[in-house]
>>> print(open('my_file-v7.csv').read())   # CSV, C-alpha atoms
chain,number,residue,atom,x,y,z
A,1,MET,CA,-37.1,-73.1,-20.4
A,2,SER,CA,-36.3,-76.7,-19.7
A,3,GLU,CA,-32.7,-75.8,-20.4
A,4,ALA,CA,-32.8,-73.1,-17.7
A,5,VAL,CA,-34.3,-75.5,-15.2
A,6,GLU,CA,-31.6,-78.0,-16.0
A,7,GLN,CA,-28.8,-75.4,-15.4
A,8,VAL,CA,-30.1,-74.5,-12.0
A,9,PRO,CA,-27.8,-76.3,-9.5
A,10,VAL,CA,-29.6,-79.3,-8.0
A,11,ARG,CA,-29.5,-80.4,-4.4
A,12,ARG,CA,-26.4,-82.4,-3.6
A,13,GLY,CA,-26.9,-86.2,-3.8
A,14,ARG,CA,-30.4,-86.0,-5.0
A,15,ARG,CA,-30.6,-85.1,-8.7
A,16,PRO,CA,-28.2,-86.1,-11.4
A,17,ARG,CA,-27.3,-83.4,-14.0
A,18,GLY,CA,-26.9,-83.2,-17.8
A,19,ALA,CA,-25.9,-86.4,-19.5
A,20,ASP,CA,-26.4,-88.2,-16.1
A,21,THR,CA,-30.0,-87.1,-16.1
A,22,ARG,CA,-30.4,-88.6,-19.6
A,23,ALA,CA,-28.9,-91.9,-18.6
A,24,ALA,CA,-30.8,-92.0,-15.3
A,25,LEU,CA,-34.1,-91.4,-17.2
A,26,LEU,CA,-33.3,-94.2,-19.7
A,27,ALA,CA,-32.5,-96.6,-16.9
A,28,ALA,CA,-35.7,-95.6,-15.0
A,29,ALA,CA,-37.8,-95.8,-18.2
A,30,ARG,CA,-36.6,-99.3,-18.9
A,31,GLU,CA,-37.6,-100.4,-15.4
A,32,VAL,CA,-41.0,-98.6,-15.3
A,33,PHE,CA,-42.0,-99.6,-18.9
A,34,SER,CA,-41.1,-103.2,-18.1
A,35,GLU,CA,-43.1,-103.2,-14.9
A,36,GLN,CA,-46.1,-101.1,-16.1
A,37,GLY,CA,-46.3,-101.4,-19.9
A,38,TYR,CA,-46.5,-98.3,-22.1
A,39,ASP,CA,-49.9,-97.1,-20.8
A,40,GLY,CA,-49.3,-97.7,-17.2
A,41,ALA,CA,-45.9,-96.0,-17.2
A,42,THR,CA,-46.3,-92.3,-16.4
A,43,VAL,CA,-43.7,-89.6,-17.2
A,44,ARG,CA,-44.0,-88.7,-13.5
A,45,ALA,CA,-43.3,-92.2,-12.3
A,46,ILE,CA,-40.3,-92.5,-14.6
A,47,ALA,CA,-38.9,-89.1,-13.6
A,48,GLY,CA,-39.5,-90.0,-9.9
A,49,ARG,CA,-37.6,-93.2,-10.3
A,50,ALA,CA,-34.7,-91.3,-11.9
A,51,GLY,CA,-34.8,-88.7,-9.2
A,52,VAL,CA,-35.3,-85.8,-11.6
A,53,ASP,CA,-38.1,-83.4,-12.5
A,54,ALA,CA,-40.7,-84.6,-14.9
A,55,ALA,CA,-39.9,-81.7,-17.3
A,56,MET,CA,-36.6,-83.4,-18.0
A,57,VAL,CA,-38.4,-86.1,-20.0
A,58,ASN,CA,-39.5,-83.5,-22.5
A,59,HIS,CA,-36.2,-81.7,-22.4
A,60,TRP,CA,-34.1,-84.8,-23.1
A,61,PHE,CA,-36.4,-86.9,-25.2
A,62,GLY,CA,-39.3,-84.8,-26.4
A,63,GLY,CA,-42.0,-86.9,-24.8
A,64,LYS,CA,-43.0,-90.3,-23.5
A,65,ASP,CA,-43.1,-92.0,-26.9
A,66,LYS,CA,-39.6,-91.0,-27.8
A,67,LEU,CA,-38.3,-92.0,-24.4
A,68,PHE,CA,-40.0,-95.4,-24.9
A,69,SER,CA,-38.4,-95.8,-28.2
A,70,GLU,CA,-34.9,-95.0,-26.9
A,71,ALA,CA,-35.3,-96.9,-23.7
A,72,VAL,CA,-37.0,-100.0,-24.9
A,73,LEU,CA,-36.4,-100.3,-28.6
A,74,GLN,CA,-32.9,-98.9,-29.0
A,75,LEU,CA,-31.4,-100.0,-25.8
A,76,PRO,CA,-29.8,-102.2,-24.4
A,77,PHE,CA,-28.2,-102.2,-27.8
A,78,ASN,CA,-26.9,-99.9,-30.4
A,79,PRO,CA,-28.1,-101.0,-33.9
A,80,ASN,CA,-24.9,-100.0,-35.6
A,81,GLU,CA,-22.9,-102.0,-33.1
A,82,ILE,CA,-25.1,-105.0,-33.5
A,83,VAL,CA,-24.7,-104.9,-37.3
A,84,ALA,CA,-21.0,-104.5,-37.0
A,85,ASP,CA,-20.7,-107.4,-34.5
A,86,LEU,CA,-22.9,-109.7,-36.5
A,87,MET,CA,-21.1,-109.1,-39.7
A,88,LYS,CA,-17.9,-110.4,-38.1
A,89,GLY,CA,-17.4,-114.0,-39.1
A,90,ASP,CA,-18.7,-116.3,-41.8
A,91,ILE,CA,-21.8,-115.1,-43.6
A,92,ASP,CA,-23.1,-118.7,-43.6
A,93,ASP,CA,-23.4,-118.7,-39.8
A,94,LEU,CA,-25.0,-115.3,-39.6
A,95,GLY,CA,-28.5,-116.8,-38.9
A,96,ILE,CA,-27.1,-118.6,-35.9
A,97,ARG,CA,-25.2,-115.6,-34.6
A,98,ILE,CA,-28.5,-113.5,-34.9
A,99,ILE,CA,-30.3,-116.0,-32.7
A,100,ARG,CA,-27.5,-116.1,-30.2
A,101,ARG,CA,-27.4,-112.3,-30.0
A,102,PHE,CA,-31.2,-112.0,-29.8
A,103,LEU,CA,-31.4,-114.5,-26.9
A,104,ALA,CA,-28.3,-113.0,-25.1
A,105,THR,CA,-29.9,-109.6,-25.3
A,106,TRP,CA,-33.4,-110.4,-24.1
A,107,ASP,CA,-32.7,-113.4,-21.8
A,108,ALA,CA,-30.5,-111.1,-19.8
A,109,GLN,CA,-33.5,-109.1,-18.9
A,110,ASP,CA,-35.7,-112.1,-18.1
A,111,GLY,CA,-38.0,-111.2,-20.9
A,112,GLY,CA,-39.8,-108.4,-19.0
A,113,VAL,CA,-38.6,-105.7,-21.5
A,114,PHE,CA,-39.6,-107.8,-24.4
A,115,ALA,CA,-43.1,-108.4,-22.9
A,116,ALA,CA,-43.5,-104.7,-22.3
A,117,LEU,CA,-42.5,-104.1,-25.9
A,118,ILE,CA,-45.1,-106.5,-27.3
A,119,ARG,CA,-47.8,-105.2,-25.0
A,120,SER,CA,-47.1,-101.7,-26.2
A,121,VAL,CA,-46.9,-102.7,-29.9
A,122,ALA,CA,-50.3,-104.4,-29.6
A,123,ALA,CA,-51.9,-101.3,-28.0
A,124,HIS,CA,-50.2,-98.4,-29.8
A,125,GLU,CA,-49.9,-97.7,-33.5
A,126,GLN,CA,-47.0,-95.4,-32.8
A,127,VAL,CA,-45.0,-98.0,-31.0
A,128,ALA,CA,-45.7,-100.5,-33.7
A,129,HIS,CA,-44.2,-98.0,-36.2
A,130,ALA,CA,-41.2,-97.5,-34.1
A,131,LEU,CA,-40.6,-101.2,-33.8
A,132,ARG,CA,-41.0,-101.6,-37.5
A,133,ASP,CA,-38.5,-98.9,-38.3
A,134,PHE,CA,-36.1,-100.3,-35.8
A,135,PHE,CA,-36.2,-103.9,-37.1
A,136,THR,CA,-36.4,-103.2,-40.8
A,137,ARG,CA,-34.4,-100.1,-41.3
A,138,HIS,CA,-31.8,-100.0,-38.6
A,139,VAL,CA,-31.0,-103.7,-38.0
A,140,PHE,CA,-32.2,-106.2,-40.5
A,141,GLY,CA,-32.6,-103.9,-43.4
A,142,GLN,CA,-28.9,-103.1,-43.0
A,143,LEU,CA,-28.0,-106.8,-42.6
A,144,ALA,CA,-30.1,-108.0,-45.5
A,145,GLY,CA,-28.8,-105.2,-47.6
A,146,ARG,CA,-25.2,-106.3,-47.0
A,147,VAL,CA,-25.7,-109.9,-47.8
A,148,THR,CA,-28.0,-109.7,-50.7
A,149,THR,CA,-29.6,-107.3,-53.2
A,150,ASP,CA,-32.5,-109.7,-53.8
A,151,ASP,CA,-35.6,-108.3,-52.0
A,152,PRO,CA,-33.9,-107.1,-48.8
A,153,ALA,CA,-37.1,-105.5,-47.5
A,154,LEU,CA,-39.1,-108.7,-47.6
A,155,ARG,CA,-36.1,-110.6,-46.1
A,156,ALA,CA,-35.9,-108.1,-43.2
A,157,ASN,CA,-39.6,-108.5,-42.6
A,158,LEU,CA,-39.3,-112.3,-42.6
A,159,ILE,CA,-36.4,-112.2,-40.1
A,160,ALA,CA,-38.3,-109.8,-37.9
A,161,SER,CA,-41.3,-112.2,-38.0
A,162,GLN,CA,-39.3,-115.1,-36.8
A,163,LEU,CA,-37.5,-113.1,-34.0
A,164,ILE,CA,-40.8,-111.5,-32.8
A,165,GLY,CA,-42.4,-114.9,-32.7
A,166,LEU,CA,-39.5,-116.3,-30.8
A,167,GLY,CA,-39.8,-113.5,-28.3
A,168,VAL,CA,-43.5,-113.9,-27.9
A,169,THR,CA,-43.4,-117.6,-27.3
A,170,ARG,CA,-40.3,-117.5,-25.1
A,171,TYR,CA,-40.9,-114.4,-23.0
A,172,VAL,CA,-44.6,-113.5,-23.2
A,173,ALA,CA,-46.7,-116.7,-23.8
A,174,ARG,CA,-43.9,-118.8,-22.3
A,175,PHE,CA,-44.5,-121.9,-24.4
A,176,ASP,CA,-42.9,-125.1,-23.2
A,177,PRO,CA,-40.1,-126.0,-24.1
A,178,MET,CA,-39.5,-122.7,-25.9
A,179,ALA,CA,-39.4,-120.7,-22.6
A,180,THR,CA,-36.7,-123.0,-21.1
A,181,ALA,CA,-34.7,-124.3,-24.0
A,182,ASP,CA,-31.0,-123.4,-23.9
A,183,VAL,CA,-29.5,-120.9,-26.3
A,184,GLU,CA,-27.6,-123.4,-28.4
A,185,THR,CA,-30.6,-125.6,-28.9
A,186,LEU,CA,-32.6,-122.7,-30.2
A,187,ALA,CA,-29.7,-121.3,-32.3
A,188,ALA,CA,-29.3,-124.7,-34.0
A,189,ALA,CA,-33.1,-125.0,-34.5
A,190,ILE,CA,-33.9,-121.5,-35.7
A,191,GLY,CA,-30.6,-120.2,-37.0
A,192,PRO,CA,-30.8,-122.0,-40.3
A,193,ASN,CA,-34.3,-120.6,-40.9
A,194,ILE,CA,-33.0,-117.1,-40.4
A,195,GLN,CA,-30.1,-117.9,-42.7
A,196,ARG,CA,-32.6,-118.9,-45.4
A,197,TYR,CA,-34.4,-115.6,-45.0
A,198,LEU,CA,-31.0,-113.8,-45.4
A,199,THR,CA,-29.4,-115.6,-48.3
A,200,GLY,CA,-31.7,-118.4,-49.5
A,201,SER,CA,-34.2,-118.5,-52.3
A,202,LEU,CA,-37.6,-117.2,-51.3
A,203,SER,CA,-39.5,-118.9,-54.0
A,204,SER,CA,-40.1,-122.5,-53.3
B,1,MET,CA,-80.3,-121.9,-11.9
B,2,SER,CA,-79.1,-120.7,-15.2
B,3,GLU,CA,-80.7,-123.7,-16.8
B,4,ALA,CA,-84.1,-122.6,-15.3
B,5,VAL,CA,-83.7,-119.1,-16.6
B,6,GLU,CA,-82.8,-120.5,-20.1
B,7,GLN,CA,-86.0,-122.6,-20.2
B,8,VAL,CA,-88.3,-119.7,-19.5
B,9,PRO,CA,-90.0,-118.7,-22.7
B,10,VAL,CA,-88.4,-115.5,-24.0
B,11,ARG,CA,-90.0,-112.6,-25.7
B,12,ARG,CA,-90.8,-113.2,-29.3
B,13,GLY,CA,-88.2,-111.8,-31.7
B,14,ARG,CA,-85.9,-110.5,-29.0
B,15,ARG,CA,-83.9,-113.3,-27.5
B,16,PRO,CA,-82.6,-116.4,-29.2
B,17,ARG,CA,-82.9,-119.7,-27.3
B,18,GLY,CA,-80.8,-122.8,-26.5
B,19,ALA,CA,-78.1,-123.5,-29.1
B,20,ASP,CA,-79.0,-120.3,-30.8
B,21,THR,CA,-78.1,-118.4,-27.7
B,22,ARG,CA,-74.7,-120.1,-27.7
B,23,ALA,CA,-74.1,-119.3,-31.3
B,24,ALA,CA,-75.2,-115.7,-30.9
B,25,LEU,CA,-72.9,-115.3,-27.9
B,26,LEU,CA,-70.0,-116.7,-29.9
B,27,ALA,CA,-70.6,-114.3,-32.8
B,28,ALA,CA,-71.1,-111.3,-30.5
B,29,ALA,CA,-67.9,-112.3,-28.5
B,30,ARG,CA,-65.8,-112.4,-31.6
B,31,GLU,CA,-67.0,-108.9,-32.6
B,32,VAL,CA,-66.7,-107.4,-29.1
B,33,PHE,CA,-63.3,-109.0,-28.3
B,34,SER,CA,-62.0,-107.8,-31.6
B,35,GLU,CA,-63.2,-104.3,-31.1
B,36,GLN,CA,-62.3,-103.9,-27.4
B,37,GLY,CA,-59.6,-106.5,-26.6
B,38,TYR,CA,-60.0,-108.9,-23.7
B,39,ASP,CA,-60.0,-106.3,-20.9
B,40,GLY,CA,-62.4,-103.8,-22.6
B,41,ALA,CA,-64.9,-106.5,-23.6
B,42,THR,CA,-67.4,-106.9,-20.8
B,43,VAL,CA,-69.7,-109.9,-20.4
B,44,ARG,CA,-72.6,-107.4,-20.3
B,45,ALA,CA,-71.6,-105.8,-23.6
B,46,ILE,CA,-71.2,-109.2,-25.3
B,47,ALA,CA,-74.5,-110.5,-24.0
B,48,GLY,CA,-76.1,-107.2,-25.0
B,49,ARG,CA,-74.8,-107.5,-28.6
B,50,ALA,CA,-76.2,-111.1,-28.7
B,51,GLY,CA,-79.5,-109.9,-27.3
B,52,VAL,CA,-79.4,-112.3,-24.4
B,53,ASP,CA,-79.1,-112.0,-20.6
B,54,ALA,CA,-75.6,-111.7,-19.2
B,55,ALA,CA,-76.2,-114.9,-17.1
B,56,MET,CA,-76.2,-116.8,-20.3
B,57,VAL,CA,-72.4,-116.3,-20.6
B,58,ASN,CA,-71.8,-118.3,-17.4
B,59,HIS,CA,-74.5,-120.8,-18.3
B,60,TRP,CA,-73.1,-121.7,-21.7
B,61,PHE,CA,-69.4,-121.0,-21.3
B,62,GLY,CA,-68.6,-120.8,-17.6
B,63,GLY,CA,-67.1,-117.3,-17.8
B,64,LYS,CA,-65.5,-114.6,-19.9
B,65,ASP,CA,-62.2,-116.4,-20.2
B,66,LYS,CA,-63.7,-119.6,-21.6
B,67,LEU,CA,-66.0,-117.6,-23.9
B,68,PHE,CA,-62.9,-115.9,-25.2
B,69,SER,CA,-61.1,-119.1,-25.7
B,70,GLU,CA,-63.9,-120.6,-27.7
B,71,ALA,CA,-64.8,-117.4,-29.6
B,72,VAL,CA,-61.3,-116.2,-30.5
B,73,LEU,CA,-59.0,-119.2,-30.2
B,74,GLN,CA,-61.1,-122.1,-31.4
B,75,LEU,CA,-63.2,-120.3,-34.0
B,76,PRO,CA,-63.3,-119.6,-36.9
B,77,PHE,CA,-61.8,-123.1,-37.2
B,78,ASN,CA,-62.0,-126.5,-35.7
B,79,PRO,CA,-58.6,-127.9,-34.8
B,80,ASN,CA,-59.5,-131.4,-35.8
B,81,GLU,CA,-60.7,-130.2,-39.2
B,82,ILE,CA,-57.6,-128.2,-39.7
B,83,VAL,CA,-55.3,-131.1,-39.0
B,84,ALA,CA,-57.4,-133.4,-41.2
B,85,ASP,CA,-57.4,-130.9,-44.0
B,86,LEU,CA,-53.7,-130.2,-43.8
B,87,MET,CA,-52.7,-133.8,-43.7
B,88,LYS,CA,-54.4,-134.3,-47.2
B,89,GLY,CA,-51.7,-134.1,-49.8
B,90,ASP,CA,-47.9,-134.5,-49.9
B,91,ILE,CA,-46.1,-134.3,-46.6
B,92,ASP,CA,-43.3,-132.3,-48.3
B,93,ASP,CA,-45.7,-129.4,-49.1
B,94,LEU,CA,-47.3,-129.4,-45.6
B,95,GLY,CA,-45.3,-126.2,-44.6
B,96,ILE,CA,-46.7,-124.3,-47.6
B,97,ARG,CA,-50.2,-125.5,-46.9
B,98,ILE,CA,-50.0,-124.4,-43.3
B,99,ILE,CA,-49.0,-120.9,-44.4
B,100,ARG,CA,-51.8,-120.8,-46.9
B,101,ARG,CA,-54.3,-122.0,-44.3
B,102,PHE,CA,-53.1,-119.5,-41.7
B,103,LEU,CA,-53.4,-116.6,-44.0
B,104,ALA,CA,-56.7,-117.6,-45.5
B,105,THR,CA,-58.1,-117.9,-41.9
B,106,TRP,CA,-56.8,-114.6,-40.6
B,107,ASP,CA,-56.8,-112.4,-43.7
B,108,ALA,CA,-60.5,-113.1,-44.0
B,109,GLN,CA,-61.0,-111.2,-40.8
B,110,ASP,CA,-58.8,-108.3,-41.7
B,111,GLY,CA,-56.5,-109.2,-38.9
B,112,GLY,CA,-58.7,-107.6,-36.2
B,113,VAL,CA,-59.2,-110.9,-34.4
B,114,PHE,CA,-55.6,-111.8,-34.5
B,115,ALA,CA,-54.7,-108.4,-33.1
B,116,ALA,CA,-57.2,-108.9,-30.3
B,117,LEU,CA,-55.7,-112.2,-29.6
B,118,ILE,CA,-52.1,-110.8,-29.3
B,119,ARG,CA,-53.3,-107.9,-27.1
B,120,SER,CA,-55.0,-110.4,-24.8
B,121,VAL,CA,-52.0,-112.8,-24.7
B,122,ALA,CA,-49.7,-109.9,-23.8
B,123,ALA,CA,-52.0,-108.8,-21.0
B,124,HIS,CA,-53.3,-112.0,-19.5
B,125,GLU,CA,-51.5,-115.1,-18.3
B,126,GLN,CA,-54.6,-117.2,-18.7
B,127,VAL,CA,-55.1,-116.2,-22.3
B,128,ALA,CA,-51.4,-117.0,-23.0
B,129,HIS,CA,-52.0,-120.5,-21.6
B,130,ALA,CA,-55.1,-121.0,-23.7
B,131,LEU,CA,-53.1,-120.0,-26.8
B,132,ARG,CA,-50.2,-122.2,-25.9
B,133,ASP,CA,-52.6,-125.2,-25.4
B,134,PHE,CA,-54.3,-124.5,-28.6
B,135,PHE,CA,-51.2,-124.2,-30.8
B,136,THR,CA,-49.1,-126.9,-29.2
B,137,ARG,CA,-51.6,-129.5,-28.2
B,138,HIS,CA,-54.6,-129.2,-30.5
B,139,VAL,CA,-53.0,-128.2,-33.8
B,140,PHE,CA,-49.2,-128.3,-34.2
B,141,GLY,CA,-48.6,-131.0,-31.6
B,142,GLN,CA,-51.0,-133.2,-33.5
B,143,LEU,CA,-49.4,-132.3,-36.8
B,144,ALA,CA,-45.8,-132.7,-35.6
B,145,GLY,CA,-46.7,-135.9,-33.9
B,146,ARG,CA,-48.0,-137.3,-37.2
B,147,VAL,CA,-45.0,-136.5,-39.3
B,148,THR,CA,-42.2,-137.2,-36.9
B,149,THR,CA,-41.4,-138.7,-33.5
B,150,ASP,CA,-38.3,-136.6,-33.2
B,151,ASP,CA,-39.0,-133.8,-30.6
B,152,PRO,CA,-42.6,-133.0,-31.6
B,153,ALA,CA,-43.0,-130.5,-28.7
B,154,LEU,CA,-40.1,-128.3,-29.7
B,155,ARG,CA,-41.2,-128.5,-33.4
B,156,ALA,CA,-44.7,-127.5,-32.4
B,157,ASN,CA,-43.3,-124.5,-30.5
B,158,LEU,CA,-41.0,-123.5,-33.4
B,159,ILE,CA,-44.0,-123.6,-35.9
B,160,ALA,CA,-46.1,-121.6,-33.4
B,161,SER,CA,-43.2,-119.0,-33.1
B,162,GLN,CA,-43.1,-118.4,-36.9
B,163,LEU,CA,-46.9,-118.2,-37.3
B,164,ILE,CA,-47.3,-115.9,-34.3
B,165,GLY,CA,-44.5,-113.7,-35.7
B,166,LEU,CA,-46.1,-113.7,-39.1
B,167,GLY,CA,-49.4,-112.6,-37.5
B,168,VAL,CA,-47.8,-109.9,-35.4
B,169,THR,CA,-45.9,-108.4,-38.4
B,170,ARG,CA,-48.8,-108.7,-40.9
B,171,TYR,CA,-51.8,-107.8,-38.7
B,172,VAL,CA,-50.6,-106.0,-35.6
B,173,ALA,CA,-47.4,-104.0,-36.3
B,174,ARG,CA,-48.2,-104.0,-40.1
B,175,PHE,CA,-44.7,-104.2,-41.4
B,176,ASP,CA,-44.2,-103.3,-45.1
B,177,PRO,CA,-44.2,-105.4,-47.3
B,178,MET,CA,-45.4,-108.2,-44.8
B,179,ALA,CA,-48.8,-106.5,-44.4
B,180,THR,CA,-49.5,-106.3,-48.1
B,181,ALA,CA,-47.6,-109.3,-49.6
B,182,ASP,CA,-49.9,-111.8,-51.4
B,183,VAL,CA,-50.5,-115.2,-50.0
B,184,GLU,CA,-48.4,-117.1,-52.5
B,185,THR,CA,-45.4,-114.9,-52.0
B,186,LEU,CA,-45.5,-115.6,-48.3
B,187,ALA,CA,-46.3,-119.3,-48.7
B,188,ALA,CA,-43.2,-119.7,-50.9
B,189,ALA,CA,-41.1,-117.6,-48.6
B,190,ILE,CA,-42.2,-119.0,-45.2
B,191,GLY,CA,-43.6,-122.5,-46.1
B,192,PRO,CA,-40.1,-124.1,-46.5
B,193,ASN,CA,-39.1,-122.8,-43.0
B,194,ILE,CA,-42.2,-124.4,-41.5
B,195,GLN,CA,-41.4,-127.5,-43.4
B,196,ARG,CA,-37.9,-127.6,-41.8
B,197,TYR,CA,-39.5,-127.3,-38.4
B,198,LEU,CA,-41.8,-130.2,-39.2
B,199,THR,CA,-39.5,-132.7,-40.8
B,200,GLY,CA,-36.0,-131.3,-41.0
B,201,SER,CA,-33.0,-131.7,-38.7
B,202,LEU,CA,-33.1,-129.2,-35.8
B,203,SER,CA,-29.4,-129.5,-35.1
B,204,SER,CA,-27.3,-127.4,-37.5
>>> encode(input="my_file-v7.csv", output="structure tokens")
Amino acid sequence: MSEAVEQVPVRRGRRPRGADTRAALLAAAREVFSEQGYDGATVRAIAGRAGVDAAMVNHWFGGKDKLFSEAVLQLPFNPNEIVADLMKGDIDDLGIRIIRRFLATWDAQDGGVFAALIRSVAAHEQVAHALRDFFTRHVFGQLAGRVTTDDPALRANLIASQLIGLGVTRYVARFDPMATADVETLAAAIGPNIQRYLTGSLSS
Amino acid sequence: MSEAVEQVPVRRGRRPRGADTRAALLAAAREVFSEQGYDGATVRAIAGRAGVDAAMVNHWFGGKDKLFSEAVLQLPFNPNEIVADLMKGDIDDLGIRIIRRFLATWDAQDGGVFAALIRSVAAHEQVAHALRDFFTRHVFGQLAGRVTTDDPALRANLIASQLIGLGVTRYVARFDPMATADVETLAAAIGPNIQRYLTGSLSS
């Protein structure tokens, strides 16, 4: 049914079609989730911002939770690209590259998307699961699995814990100086700790 | 005015008085904030749980935000006691002792209070400020200030970032194996990273 609706020619200049609809919904979802949080963001508001019918959310994403997951968790980055990028270069500097990448990604959005993510994780079990899968399976599980065979699941969790804590203190609670420190200061301070989680001994 | 109300003899067996009122409100607040989050927890509900008049919240705490701060941020521990306890023993093991103490404190409450704290931080600027003050000034600022004079504010922020991330992954998002790992595994895995933030070089 949604498919039929989608194939009806839309009014010129008002509604995007096909893949454009999907991209417009993702962009709108990122804005609205960032402004309103998961609860406050309605499918209607997101569709309205994208200039498409609300039925398109189900058609393209299968619901608000999956749209959230794609819009906030998987974009603005592709996990496979991240892993491929990060693996370029010396394995001993991987921790520092991870911090640079993390800050470049979230600083660019002024932290609003990260704050929306944390608010949603705290309030919704489903979102917490999505975040967990994203961090542990798609990104850091892959990374940890490439650099060591020694307890990659725990290592992926430890890396996630430091990055989430960095995000909460920089973007949500806005600790001083964490919120204003420059990228290289934080990469030098935190990178080696990420590196230990990746390749160091976890028994003290 | 509140003082006058407080001094009126209360009905036998129903309402606690004086310091008992304060303690009853703190205990009730911890329960209700944990169950409902900051927003959901009303002054009326907390006072009702404590068996006292809602005016007692203003009398003893000056409002819901200050009650929250005392009930959730400052209890179940006293920052001065924590610092004094943690400073006992070898400075080189301080990172491990911090992780043990953090987990002993929050594990005992099954993570509900920590989750309430994070939900509240994400939703309320004021709560975020209270958390920031608590972590940086009262606890880790003091610790970092005792063990080093080299950038104690950044070090306190870094320690807070790792501990908050540990709490979010263990108690809120419940990552696997983070949520179920035993205390000594995590103390050995994370303690040395806290130690580096306390006493190590922060330039890589």
>>> residues_around(input="my_file-v7.csv", residues="Val147 of chain A", least_positions_apart="6", cutoff="8 Å", atoms="all atoms listed in the file", output="ChimeraX atom specification")
/A:91,198-199
>>> atom_distance(input="my_file-v7.csv", atom1="atom CA of Phe68 of chain A", atom2="atom CA of Leu163 of chain A")
20.1 Å
>>> interface_residues(input="my_file-v7.csv", of="chain B", to="chain A", cutoff="9 Å", atoms="all atoms listed in the file", output="PyMOL selection string")
chain B and resi 96+115-116+118-123+125+127-129+131-133+136+153-155+157-158+160-170+172-178+181+185-194+196-197+201-204
>>> write_last_selection(input="my_file-v7.csv", atoms="C-alpha atoms", output="mmCIF file, in the coordinates of the input")
data_model
loop_
_atom_site.group_PDB
_atom_site.id
_atom_site.type_symbol
_atom_site.label_atom_id
_atom_site.label_comp_id
_atom_site.auth_asym_id
_atom_site.auth_seq_id
_atom_site.Cartn_x
_atom_site.Cartn_y
_atom_site.Cartn_z
ATOM 1 C CA ILE B 96 -46.700 -124.300 -47.600
ATOM 2 C CA ALA B 115 -54.700 -108.400 -33.100
ATOM 3 C CA ALA B 116 -57.200 -108.900 -30.300
ATOM 4 C CA ILE B 118 -52.100 -110.800 -29.300
ATOM 5 C CA ARG B 119 -53.300 -107.900 -27.100
ATOM 6 C CA SER B 120 -55.000 -110.400 -24.800
ATOM 7 C CA VAL B 121 -52.000 -112.800 -24.700
ATOM 8 C CA ALA B 122 -49.700 -109.900 -23.800
ATOM 9 C CA ALA B 123 -52.000 -108.800 -21.000
ATOM 10 C CA GLU B 125 -51.500 -115.100 -18.300
ATOM 11 C CA VAL B 127 -55.100 -116.200 -22.300
ATOM 12 C CA ALA B 128 -51.400 -117.000 -23.000
ATOM 13 C CA HIS B 129 -52.000 -120.500 -21.600
ATOM 14 C CA LEU B 131 -53.100 -120.000 -26.800
ATOM 15 C CA ARG B 132 -50.200 -122.200 -25.900
ATOM 16 C CA ASP B 133 -52.600 -125.200 -25.400
ATOM 17 C CA THR B 136 -49.100 -126.900 -29.200
ATOM 18 C CA ALA B 153 -43.000 -130.500 -28.700
ATOM 19 C CA LEU B 154 -40.100 -128.300 -29.700
ATOM 20 C CA ARG B 155 -41.200 -128.500 -33.400
ATOM 21 C CA ASN B 157 -43.300 -124.500 -30.500
ATOM 22 C CA LEU B 158 -41.000 -123.500 -33.400
ATOM 23 C CA ALA B 160 -46.100 -121.600 -33.400
ATOM 24 C CA SER B 161 -43.200 -119.000 -33.100
ATOM 25 C CA GLN B 162 -43.100 -118.400 -36.900
ATOM 26 C CA LEU B 163 -46.900 -118.200 -37.300
ATOM 27 C CA ILE B 164 -47.300 -115.900 -34.300
ATOM 28 C CA GLY B 165 -44.500 -113.700 -35.700
ATOM 29 C CA LEU B 166 -46.100 -113.700 -39.100
ATOM 30 C CA GLY B 167 -49.400 -112.600 -37.500
ATOM 31 C CA VAL B 168 -47.800 -109.900 -35.400
ATOM 32 C CA THR B 169 -45.900 -108.400 -38.400
ATOM 33 C CA ARG B 170 -48.800 -108.700 -40.900
ATOM 34 C CA VAL B 172 -50.600 -106.000 -35.600
ATOM 35 C CA ALA B 173 -47.400 -104.000 -36.300
ATOM 36 C CA ARG B 174 -48.200 -104.000 -40.100
ATOM 37 C CA PHE B 175 -44.700 -104.200 -41.400
ATOM 38 C CA ASP B 176 -44.200 -103.300 -45.100
ATOM 39 C CA PRO B 177 -44.200 -105.400 -47.300
ATOM 40 C CA MET B 178 -45.400 -108.200 -44.800
ATOM 41 C CA ALA B 181 -47.600 -109.300 -49.600
ATOM 42 C CA THR B 185 -45.400 -114.900 -52.000
ATOM 43 C CA LEU B 186 -45.500 -115.600 -48.300
ATOM 44 C CA ALA B 187 -46.300 -119.300 -48.700
ATOM 45 C CA ALA B 188 -43.200 -119.700 -50.900
ATOM 46 C CA ALA B 189 -41.100 -117.600 -48.600
ATOM 47 C CA ILE B 190 -42.200 -119.000 -45.200
ATOM 48 C CA GLY B 191 -43.600 -122.500 -46.100
ATOM 49 C CA PRO B 192 -40.100 -124.100 -46.500
ATOM 50 C CA ASN B 193 -39.100 -122.800 -43.000
ATOM 51 C CA ILE B 194 -42.200 -124.400 -41.500
ATOM 52 C CA ARG B 196 -37.900 -127.600 -41.800
ATOM 53 C CA TYR B 197 -39.500 -127.300 -38.400
ATOM 54 C CA SER B 201 -33.000 -131.700 -38.700
ATOM 55 C CA LEU B 202 -33.100 -129.200 -35.800
ATOM 56 C CA SER B 203 -29.400 -129.500 -35.100
ATOM 57 C CA SER B 204 -27.300 -127.400 -37.500
#
>>> atom_distance(input="my_file-v7.csv", atom1="atom CA of Arg100 of chain B", atom2="atom CA of Met87 of chain B")
13.4 Å
>>> atom_distance(input="my_file-v7.csv", atom1="atom CA of Gly111 of chain B", atom2="atom CA of Thr180 of chain B")
11.9 Å
